[in-house]
$ cat protein-v5.cif   # mmCIF, C-alpha atoms
data_model
#
loop_
_atom_site.label_atom_id
_atom_site.label_comp_id
_atom_site.auth_asym_id
_atom_site.auth_seq_id
_atom_site.Cartn_x
_atom_site.Cartn_y
_atom_site.Cartn_z
CA MET N 1 0.00 0.00 0.00
CA PHE N 2 2.79 2.44 0.95
CA ASP N 3 4.75 2.17 -2.29
CA ARG N 4 6.55 4.97 -4.13
CA ASP N 5 3.40 6.06 -6.00
CA PHE N 6 1.54 6.43 -2.72
CA TRP N 7 4.14 8.85 -1.34
CA ILE N 8 4.29 10.82 -4.59
CA GLN N 9 0.51 11.18 -4.55
CA LEU N 10 0.57 12.20 -0.90
CA VAL N 11 3.13 14.93 -1.63
CA VAL N 12 1.03 16.15 -4.55
CA VAL N 13 -2.10 16.22 -2.39
CA ALA N 14 -0.26 18.10 0.40
CA ALA N 15 1.07 20.56 -2.18
CA VAL N 16 -2.48 21.15 -3.48
CA GLY N 17 -3.62 21.72 0.11
CA LEU N 18 -0.84 24.24 0.68
CA PHE N 19 -1.65 25.95 -2.62
CA LEU N 20 -5.29 26.26 -1.49
CA LEU N 21 -4.10 27.72 1.82
CA VAL N 22 -1.97 30.35 0.09
CA MET N 23 -4.80 31.24 -2.30
CA LEU N 24 -7.38 31.47 0.50
CA TRP N 25 -5.14 33.09 3.16
CA PRO N 26 -7.23 35.93 4.63
CA ILE N 27 -5.91 39.48 4.73
CA ARG N 28 -7.45 42.71 6.01
CA SER N 29 -9.53 43.29 2.89
CA THR N 30 -10.86 39.71 3.15
CA GLY N 31 -12.01 40.46 6.71
CA VAL N 32 -13.71 43.71 5.66
CA LYS N 33 -15.47 41.95 2.78
CA LEU N 34 -16.59 39.10 5.05
CA LEU N 35 -18.03 41.44 7.67
CA LYS N 36 -19.84 43.61 5.14
CA LYS N 37 -21.32 40.50 3.57
CA TRP N 38 -22.59 39.40 6.98
CA GLN N 39 -24.04 42.82 7.71
CA VAL N 40 -21.45 44.39 9.96
CA ALA N 41 -21.37 47.78 8.23
CA ASP N 42 -18.22 49.92 8.48
CA PRO N 43 -16.25 47.47 10.60
CA THR N 44 -13.56 48.85 12.91
CA ASP N 45 -9.96 47.59 12.86
CA ALA N 46 -10.63 45.41 15.93
CA GLN N 47 -13.70 43.89 14.27
CA VAL N 48 -11.72 43.16 11.10
CA GLU N 49 -9.02 41.49 13.21
CA ASP N 50 -11.68 39.23 14.77
CA ALA N 51 -12.97 38.27 11.32
CA VAL N 52 -9.50 37.58 9.92
CA ARG N 53 -8.66 35.43 12.97
CA TYR N 54 -11.92 33.47 12.46
CA LEU N 55 -10.99 32.75 8.83
CA LYS N 56 -7.36 31.89 9.61
CA ARG N 57 -8.41 29.34 12.25
CA ARG N 58 -10.49 27.56 9.65
CA ARG N 59 -8.26 27.81 6.61
CA LEU N 60 -5.15 26.66 8.45
CA LEU N 61 -6.88 23.29 8.82
CA TYR N 62 -7.51 22.78 5.10
CA PRO N 63 -4.07 21.48 3.95
CA TRP N 64 -3.93 18.93 6.77
CA LEU N 65 -7.49 17.78 6.27
CA TYR N 66 -7.07 17.66 2.52
CA SER N 67 -4.05 15.35 2.96
CA VAL N 68 -5.75 13.12 5.57
CA LEU N 69 -9.11 12.87 3.81
CA TRP N 70 -7.39 11.93 0.58
CA LEU N 71 -6.94 8.53 2.24
CA VAL N 72 -10.70 8.18 2.79
CA PRO N 73 -12.49 6.05 0.17
CA LYS N 74 -14.11 8.23 -2.48
CA TRP N 75 -17.69 7.96 -3.63
CA GLY N 76 -17.75 10.73 -6.17
CA ASP N 77 -15.54 13.12 -8.06
CA ASP N 78 -12.95 15.54 -6.68
CA VAL N 79 -15.54 18.23 -6.07
CA ASP N 80 -17.24 15.97 -3.53
CA GLN N 81 -13.91 15.34 -1.84
CA LEU N 82 -13.20 19.06 -1.66
CA VAL N 83 -16.62 19.74 -0.12
CA VAL N 84 -15.96 17.06 2.50
CA VAL N 85 -12.62 18.72 3.35
CA VAL N 86 -14.27 22.12 3.80
CA LEU N 87 -17.08 20.60 5.90
CA ALA N 88 -14.54 18.77 8.08
CA GLY N 89 -12.56 22.01 8.45
CA THR N 90 -15.71 23.89 9.49
CA LEU N 91 -16.59 21.20 12.03
CA LEU N 92 -13.09 20.97 13.49
CA ALA N 93 -12.74 24.75 13.81
CA GLU N 94 -16.11 25.02 15.58
CA LEU N 95 -15.19 22.19 17.97
CA LEU N 96 -11.82 23.80 18.74
CA ALA N 97 -13.63 27.08 19.48
CA LEU N 98 -15.52 25.33 22.31
CA ARG N 99 -12.41 25.63 24.51
CA PRO N 100 -13.33 27.38 27.78
CA ARG N 101 -12.28 30.97 28.39
CA ARG N 102 -9.23 31.77 30.47
CA GLY N 103 -8.20 34.89 32.36
CA ALA N 104 -9.53 36.41 35.56
CA ARG N 105 -11.81 39.05 34.03
CA ARG N 106 -14.56 37.65 31.85
CA GLU N 107 -17.37 39.44 30.09
CA ALA N 108 -20.62 38.16 28.61
CA SER N 109 -23.56 39.60 26.74
CA LEU N 110 -27.04 39.02 28.14
CA ALA N 111 -28.57 38.53 24.69
CA PRO N 112 -30.11 35.04 24.45
CA ARG N 113 -28.48 32.98 21.70
CA GLY N 114 -30.67 30.19 20.41
CA LEU N 115 -30.30 28.58 16.98
CA PHE N 116 -33.26 30.52 15.57
CA ASP N 117 -31.89 33.76 17.05
CA ILE N 118 -28.86 33.57 14.78
CA ALA N 119 -29.75 31.43 11.78
CA SER N 120 -32.27 31.79 8.98
CA ARG N 121 -35.20 29.39 9.28
CA TRP N 122 -35.20 29.02 5.48
CA VAL N 123 -31.60 27.85 5.44
CA LEU N 124 -32.28 25.26 8.14
CA LEU N 125 -35.52 24.12 6.48
CA THR N 126 -33.81 23.77 3.08
CA TYR N 127 -31.17 21.54 4.66
CA VAL N 128 -33.72 19.31 6.41
CA VAL N 129 -35.84 18.95 3.25
CA PHE N 130 -32.77 18.10 1.13
CA VAL N 131 -31.59 15.46 3.62
CA VAL N 132 -35.02 13.82 3.89
CA VAL N 133 -35.55 13.70 0.11
CA VAL N 134 -32.09 12.27 -0.61
CA ALA N 135 -32.32 9.79 2.30
CA VAL N 136 -35.62 8.42 0.94
CA TYR N 137 -34.13 8.22 -2.58
CA LEU N 138 -31.01 6.37 -1.35
CA VAL N 139 -33.03 3.90 0.76
CA ILE N 140 -35.38 3.13 -2.12
CA SER N 141 -32.44 2.70 -4.54
CA PRO N 142 -30.99 1.04 -2.23
CA ARG N 143 -27.41 2.37 -1.78
CA TRP N 144 -26.35 1.63 1.77
CA THR N 145 -22.78 2.97 1.53
CA ALA N 146 -24.19 6.31 0.41
CA VAL N 147 -26.72 6.17 3.28
CA ALA N 148 -23.80 5.73 5.71
CA TRP N 149 -22.03 8.75 4.17
CA LEU N 150 -25.26 10.72 4.45
CA ALA N 151 -25.61 9.82 8.12
CA GLY N 152 -21.99 10.84 8.74
CA SER N 153 -22.46 14.19 7.01
CA VAL N 154 -25.67 14.88 8.96
CA LEU N 155 -23.82 14.16 12.21
CA ALA N 156 -20.98 16.49 11.16
CA VAL N 157 -23.39 19.31 10.23
CA ALA N 158 -25.41 18.85 13.44
CA LEU N 159 -22.22 19.03 15.54
CA ALA N 160 -20.93 22.09 13.67
CA VAL N 161 -24.28 23.88 14.08
CA TRP N 162 -24.49 23.00 17.78
CA ALA N 163 -20.92 24.20 18.38
CA ALA N 164 -21.54 27.43 16.44
CA VAL N 165 -24.37 28.24 18.85
CA ALA N 166 -22.79 26.90 22.05
CA ARG N 167 -19.16 28.05 21.76
CA PRO N 168 -18.11 30.80 24.15
CA ALA N 169 -18.42 34.37 22.89
CA ASP N 170 -15.24 35.74 21.38
CA GLY N 171 -14.29 39.34 20.63
CA ASP N 172 -16.73 41.98 19.43
CA GLU N 173 -20.39 41.05 20.00
CA ALA N 174 -21.71 42.07 16.57
CA VAL N 175 -18.89 40.22 14.81
CA ASP N 176 -19.30 37.19 17.06
CA MET N 177 -23.01 36.91 16.22
CA ALA N 178 -22.43 37.49 12.49
CA LEU N 179 -19.72 34.82 12.34
CA ARG N 180 -21.89 32.34 14.22
CA THR N 181 -24.61 32.90 11.61
CA ARG N 182 -22.04 32.41 8.86
CA SER N 183 -20.85 29.17 10.47
CA VAL N 184 -24.40 27.77 10.64
CA HIS N 185 -25.29 28.81 7.08
CA VAL N 186 -22.00 27.56 5.61
CA ALA N 187 -22.13 24.24 7.51
CA THR N 188 -25.70 23.49 6.41
CA GLY N 189 -24.86 24.64 2.87
CA LEU N 190 -21.90 22.27 2.76
CA GLY N 191 -24.16 19.54 4.14
CA VAL N 192 -26.57 20.06 1.26
CA ALA N 193 -23.69 19.90 -1.23
CA VAL N 194 -22.42 16.62 0.27
CA VAL N 195 -25.90 15.08 0.39
CA GLY N 196 -26.65 16.21 -3.18
CA GLY N 197 -23.39 14.70 -4.42
CA LEU N 198 -24.38 11.35 -2.92
CA ALA N 199 -27.63 11.13 -4.87
CA GLY N 200 -26.27 11.78 -8.36
CA PRO N 201 -25.09 14.46 -10.78
CA TRP N 202 -28.34 16.47 -10.95
CA PHE N 203 -28.82 16.39 -7.19
CA GLY N 204 -25.13 17.28 -6.95
CA ILE N 205 -25.53 20.39 -9.07
CA ALA N 206 -28.66 21.36 -7.12
CA GLY N 207 -26.71 20.80 -3.88
CA LEU N 208 -23.83 23.01 -5.01
CA LEU N 209 -26.25 25.78 -6.05
CA ALA N 210 -28.07 25.46 -2.72
CA TRP N 211 -24.71 25.66 -0.89
CA VAL N 212 -23.80 28.91 -2.66
CA SER N 213 -27.26 30.31 -1.99
CA MET N 214 -27.33 29.28 1.69
CA ALA N 215 -23.80 30.50 2.36
CA ASN N 216 -24.87 33.89 0.99
CA THR N 217 -28.20 34.17 2.82
CA LYS N 218 -28.11 37.25 5.01
CA PRO N 219 -28.62 36.81 8.75
CA GLN N 220 -31.90 37.99 10.16
CA PRO N 221 -31.76 41.07 12.42
CA ALA N 222 -30.59 39.99 15.87
CA LYS N 223 -33.36 39.65 18.44
CA ILE N 224 -31.89 41.11 21.57
CA VAL N 225 -33.63 40.63 24.91
CA ARG N 226 -37.14 42.04 25.34
CA MET C 1 -29.00 47.85 19.88
CA THR C 2 -26.30 46.41 22.09
CA ALA C 3 -27.37 43.97 24.78
CA PRO C 4 -26.33 44.63 28.38
CA ARG C 5 -23.21 42.84 29.55
CA ILE C 6 -21.95 41.46 32.81
CA VAL C 7 -18.37 41.12 33.96
CA VAL C 8 -17.00 38.54 36.36
CA ASP C 9 -13.56 38.76 37.93
CA VAL C 10 -12.74 35.38 39.42
CA ASP C 11 -9.83 36.84 41.40
CA ASN C 12 -11.62 39.69 43.17
CA GLY C 13 -12.61 37.70 46.25
CA VAL C 14 -16.38 37.81 45.70
CA ALA C 15 -17.92 34.47 44.74
CA PRO C 16 -18.63 34.44 40.97
CA TRP C 17 -22.29 33.43 41.50
CA ARG C 18 -22.75 36.48 43.70
CA GLN C 19 -21.12 38.74 41.13
CA VAL C 20 -23.55 37.43 38.51
CA ARG C 21 -26.53 37.78 40.86
CA ASP C 22 -25.64 41.31 42.01
CA GLN C 23 -25.08 42.58 38.49
CA LEU C 24 -28.39 41.13 37.32
CA VAL C 25 -30.15 42.81 40.25
CA ARG C 26 -28.48 46.11 39.39
CA LEU C 27 -29.46 45.85 35.71
CA ILE C 28 -33.06 44.93 36.58
CA SER C 29 -33.39 47.64 39.25
CA GLY C 30 -31.92 50.23 36.90
CA GLY C 31 -34.43 49.40 34.17
CA VAL C 32 -31.76 48.11 31.77
CA LEU C 33 -33.49 44.72 31.91
CA PRO C 34 -37.22 45.49 32.23
CA VAL C 35 -39.82 42.95 33.32
CA GLY C 36 -40.35 40.45 30.47
CA SER C 37 -36.73 40.54 29.25
CA ARG C 38 -35.35 37.17 28.20
CA LEU C 39 -32.05 36.13 29.74
CA PRO C 40 -29.52 33.73 28.22
CA THR C 41 -29.64 30.09 29.20
CA ILE C 42 -27.49 28.91 32.09
CA ARG C 43 -25.25 27.00 29.67
CA GLN C 44 -24.74 30.02 27.40
CA LEU C 45 -23.87 32.42 30.21
CA ALA C 46 -21.62 29.85 31.91
CA ALA C 47 -19.75 29.16 28.63
CA ASP C 48 -19.31 32.85 27.84
CA LEU C 49 -18.04 33.60 31.36
CA GLY C 50 -15.89 30.46 31.56
CA LEU C 51 -17.74 29.35 34.71
CA ALA C 52 -19.29 26.05 35.73
CA ALA C 53 -22.99 25.78 34.85
CA GLY C 54 -23.76 25.26 38.54
CA THR C 55 -22.30 28.69 39.36
CA VAL C 56 -24.66 30.54 37.03
CA ALA C 57 -27.50 28.19 38.03
CA ARG C 58 -27.05 29.28 41.65
CA ALA C 59 -27.30 32.97 40.73
CA TYR C 60 -30.46 32.30 38.70
CA ARG C 61 -31.90 30.10 41.47
CA GLU C 62 -31.39 32.79 44.11
CA LEU C 63 -33.23 35.32 41.94
CA GLU C 64 -36.00 32.81 41.18
CA THR C 65 -36.48 32.26 44.89
CA GLU C 66 -36.79 36.02 45.35
CA GLY C 67 -39.38 36.13 42.54
CA VAL C 68 -37.19 38.31 40.32
CA LEU C 69 -36.73 35.69 37.60
CA THR C 70 -38.95 32.93 36.34
CA THR C 71 -37.99 29.99 34.15
CA GLY C 72 -40.42 28.29 31.80
CA ARG C 73 -39.94 25.49 29.32
CA ARG C 74 -40.95 27.55 26.29
CA GLN C 75 -39.75 31.06 27.05
CA GLY C 76 -36.62 30.24 29.05
CA THR C 77 -35.52 32.52 31.88
CA VAL C 78 -37.36 35.83 31.98
CA VAL C 79 -37.35 38.86 34.31
CA ALA C 80 -40.58 38.49 36.31
CA ALA C 81 -40.47 41.40 38.78
CA LEU C 82 -38.30 44.16 40.16
CA PRO C 83 -36.17 43.20 43.15
CA SER C 84 -37.97 44.17 46.36
CA HIS C 85 -34.85 45.59 47.93
CA ALA C 86 -32.30 46.75 45.44
CA PRO C 87 -28.77 46.72 46.84
CA ASP C 88 -27.51 50.05 48.11
CA PRO C 89 -24.93 51.24 45.53
CA LEU C 90 -22.61 52.48 48.30
CA SER C 91 -22.77 49.09 50.00
CA ALA C 92 -22.05 47.33 46.71
CA ALA C 93 -19.04 49.59 46.07
CA ALA C 94 -17.80 48.93 49.61
CA ALA C 95 -18.10 45.17 49.14
CA GLU C 96 -16.05 45.43 45.95
CA PHE C 97 -13.40 47.56 47.69
CA VAL C 98 -13.16 45.15 50.63
CA ALA C 99 -12.70 42.25 48.25
CA ILE C 100 -9.86 44.04 46.44
CA ALA C 101 -8.26 45.13 49.75
CA ARG C 102 -8.37 41.52 50.96
CA SER C 103 -6.78 40.27 47.77
CA LEU C 104 -3.96 42.79 48.37
CA GLY C 105 -3.50 41.46 51.89
CA ALA C 106 -4.62 44.69 53.61
CA SER C 107 -6.05 44.56 57.13
CA GLU C 108 -9.35 46.26 58.10
CA GLY C 109 -7.46 49.16 59.67
CA GLU C 110 -5.26 49.65 56.62
CA ALA C 111 -8.27 49.59 54.31
CA LEU C 112 -10.15 52.15 56.47
CA ASN C 113 -7.07 54.37 56.60
CA ALA C 114 -6.83 54.24 52.81
CA VAL C 115 -10.47 55.37 52.52
CA ARG C 116 -9.99 58.15 55.12
CA SER C 117 -6.89 59.44 53.38
CA HIS C 118 -8.88 59.92 50.21
CA TYR C 119 -11.59 61.86 52.06
CA VAL C 120 -8.95 64.03 53.69
CA GLY C 121 -7.21 64.47 50.37
CA GLU C 122 -10.38 65.87 48.81
#
$ encode --input "protein-v5.cif" --output "structure tokens"
Amino acid sequence: MFDRDFWIQLVVVAAVGLFLLVMLWPIRSTGVKLLKKWQVADPTDAQVEDAVRYLKRRRLLYPWLYSVLWLVPKWGDDVDQLVVVVLAGTLLAELLALRPRRGARREASLAPRGLFDIASRWVLLTYVVFVVVVAVYLVISPRWTAVAWLAGSVLAVALAVWAAVARPADGDEAVDMALRTRSVHVATGLGVAVVGGLAGPWFGIAGLLAWVSMANTKPQPAKIVR
Amino acid sequence: MTAPRIVVDVDNGVAPWRQVRDQLVRLISGGVLPVGSRLPTIRQLAADLGLAAGTVARAYRELETEGVLTTGRRQGTVVAALPSHAPDPLSAAAAEFVAIARSLGASEGEALNAVRSHYVGE
């Protein structure tokens, strides 16, 4: 298994992962763009720093995950594999962000933070509908390996969404809420793309379009107290 | 609109649950959190403050016992009434000062002298 070709392929895959990292490495303008997209108008320097840190924590994981997940058996084309890498990166970053806060002085907002306080109901509903439809299709087919992949992706999305809501607050409040919304929308969007790819090419295209649409759905205005 | 915030200093000598409770009472008494306001869940507040869930639960429980907060399955924890006896701001400031003086290792006499010197100074 670990012959010369294996190592050459592994090096190539790692190089592709590093290339992706360099291409996607966030800079100040990336942070500004991200915040404006997620409705933090005229972000301050501190807010931009928060956003850039959020992106760096996720994108640093991509080369490693891309290399590791290359070993996982494939079910589709390379686009599917790439979506799985991004979903795994999203999940891992959200889980790492669950680390408890340190330091003597700690501050917290009193705004309640439920899933429906930060995420669009339409995005969540779209994900659930997609999963149910594809699950029924795969069971009827029947394609049990694909059903197992579907179950795994649903678990990953559910964990990422839970962690995006439950993780301790970090940095500026407006940015923190906007980035939580982004995490939920992107994770469910990636979930739709993975699930669509499992069902076939047309579902796959629909899944990719839904991912782009969900990852660009604006957050609803925050409901704060009262 | 920015939501009100609370700050906990785990090194200031006052139990964290009391810091949470006192700040909530102050916010409710001052009208920042009017009756009907929803509060975060125990888990959320505990995670954000880096405290154990039981610590925040104790603060909430104390205020529920006093009738200030109420917790329901559907609406979560909500401000139910104004505190019957809001803490005297001077007393609260004194408690904070005593906690800091203790953490610095000052005796009662030294702490009182420090206060007097500031009165004299003004």
$ atom_distance --input "protein-v5.cif" --atom1 "atom CA of N:Gln81" --atom2 "atom CA of N:Leu95"
21.0 Å
$ resolve_selection --input "protein-v5.cif" --expression "the PyMOL selection byres ((chain N and resi 203) around 12)" --output "short mmCIF file (atom, residue, chain, number, x, y, z; two decimals) with C-alpha atoms, keeping the file's coordinate frame"
data_model
loop_
_atom_site.label_atom_id
_atom_site.label_comp_id
_atom_site.auth_asym_id
_atom_site.auth_seq_id
_atom_site.Cartn_x
_atom_site.Cartn_y
_atom_site.Cartn_z
CA PHE N 130 -32.77 18.10 1.13
CA VAL N 131 -31.59 15.46 3.62
CA VAL N 133 -35.55 13.70 0.11
CA VAL N 134 -32.09 12.27 -0.61
CA TYR N 137 -34.13 8.22 -2.58
CA LEU N 138 -31.01 6.37 -1.35
CA VAL N 192 -26.57 20.06 1.26
CA ALA N 193 -23.69 19.90 -1.23
CA VAL N 194 -22.42 16.62 0.27
CA VAL N 195 -25.90 15.08 0.39
CA GLY N 196 -26.65 16.21 -3.18
CA GLY N 197 -23.39 14.70 -4.42
CA LEU N 198 -24.38 11.35 -2.92
CA ALA N 199 -27.63 11.13 -4.87
CA GLY N 200 -26.27 11.78 -8.36
CA PRO N 201 -25.09 14.46 -10.78
CA TRP N 202 -28.34 16.47 -10.95
CA GLY N 204 -25.13 17.28 -6.95
CA ILE N 205 -25.53 20.39 -9.07
CA ALA N 206 -28.66 21.36 -7.12
CA GLY N 207 -26.71 20.80 -3.88
CA LEU N 208 -23.83 23.01 -5.01
CA LEU N 209 -26.25 25.78 -6.05
CA ALA N 210 -28.07 25.46 -2.72
CA TRP N 211 -24.71 25.66 -0.89
#
$ resolve_selection --input "protein-v5.cif" --expression "the PyMOL selection byres ((chain C) within 12 of (chain N))" --output "ChimeraX atom specification"
/C:1-13,16,19-20,23-24,27-28,31-52,75-79
$ residues_around --input "protein-v5.cif" --residues "N:Thr217" --least-positions-apart "2" --cutoff "8 Å" --atoms "all atoms listed in the file" --output "list in words"
Ser120, Val123, His185, Ser213, Met214, Ala215 and Pro219 of chain N
$ resolve_selection --input "protein-v5.cif" --expression "the PyMOL selection byres ((chain C and resi 99) around 12)" --output "PyMOL selection string"
chain C and resi 9-15+19+92-98+100-108+111
$ atom_distance --input "protein-v5.cif" --atom1 "atom CA of N:Val85" --atom2 "atom CA of N:Leu159"
15.5 Å
$ closest_residue --input "protein-v5.cif" --among "N:Arg53, N:Arg121, N:Lys36, N:Arg59" --to "N:Leu24" --atoms "only C-alpha atoms"
N:Arg59
$ atom_distance --input "protein-v5.cif" --atom1 "atom CA of N:Arg58" --atom2 "atom CA of N:Ser153"
18.1 Å
$ closest_residue --input "protein-v5.cif" --among "N:Ala148, N:Gln39, N:Asp5, N:Ser67" --to "N:Asn216" --atoms "all atoms listed in the file"
N:Gln39
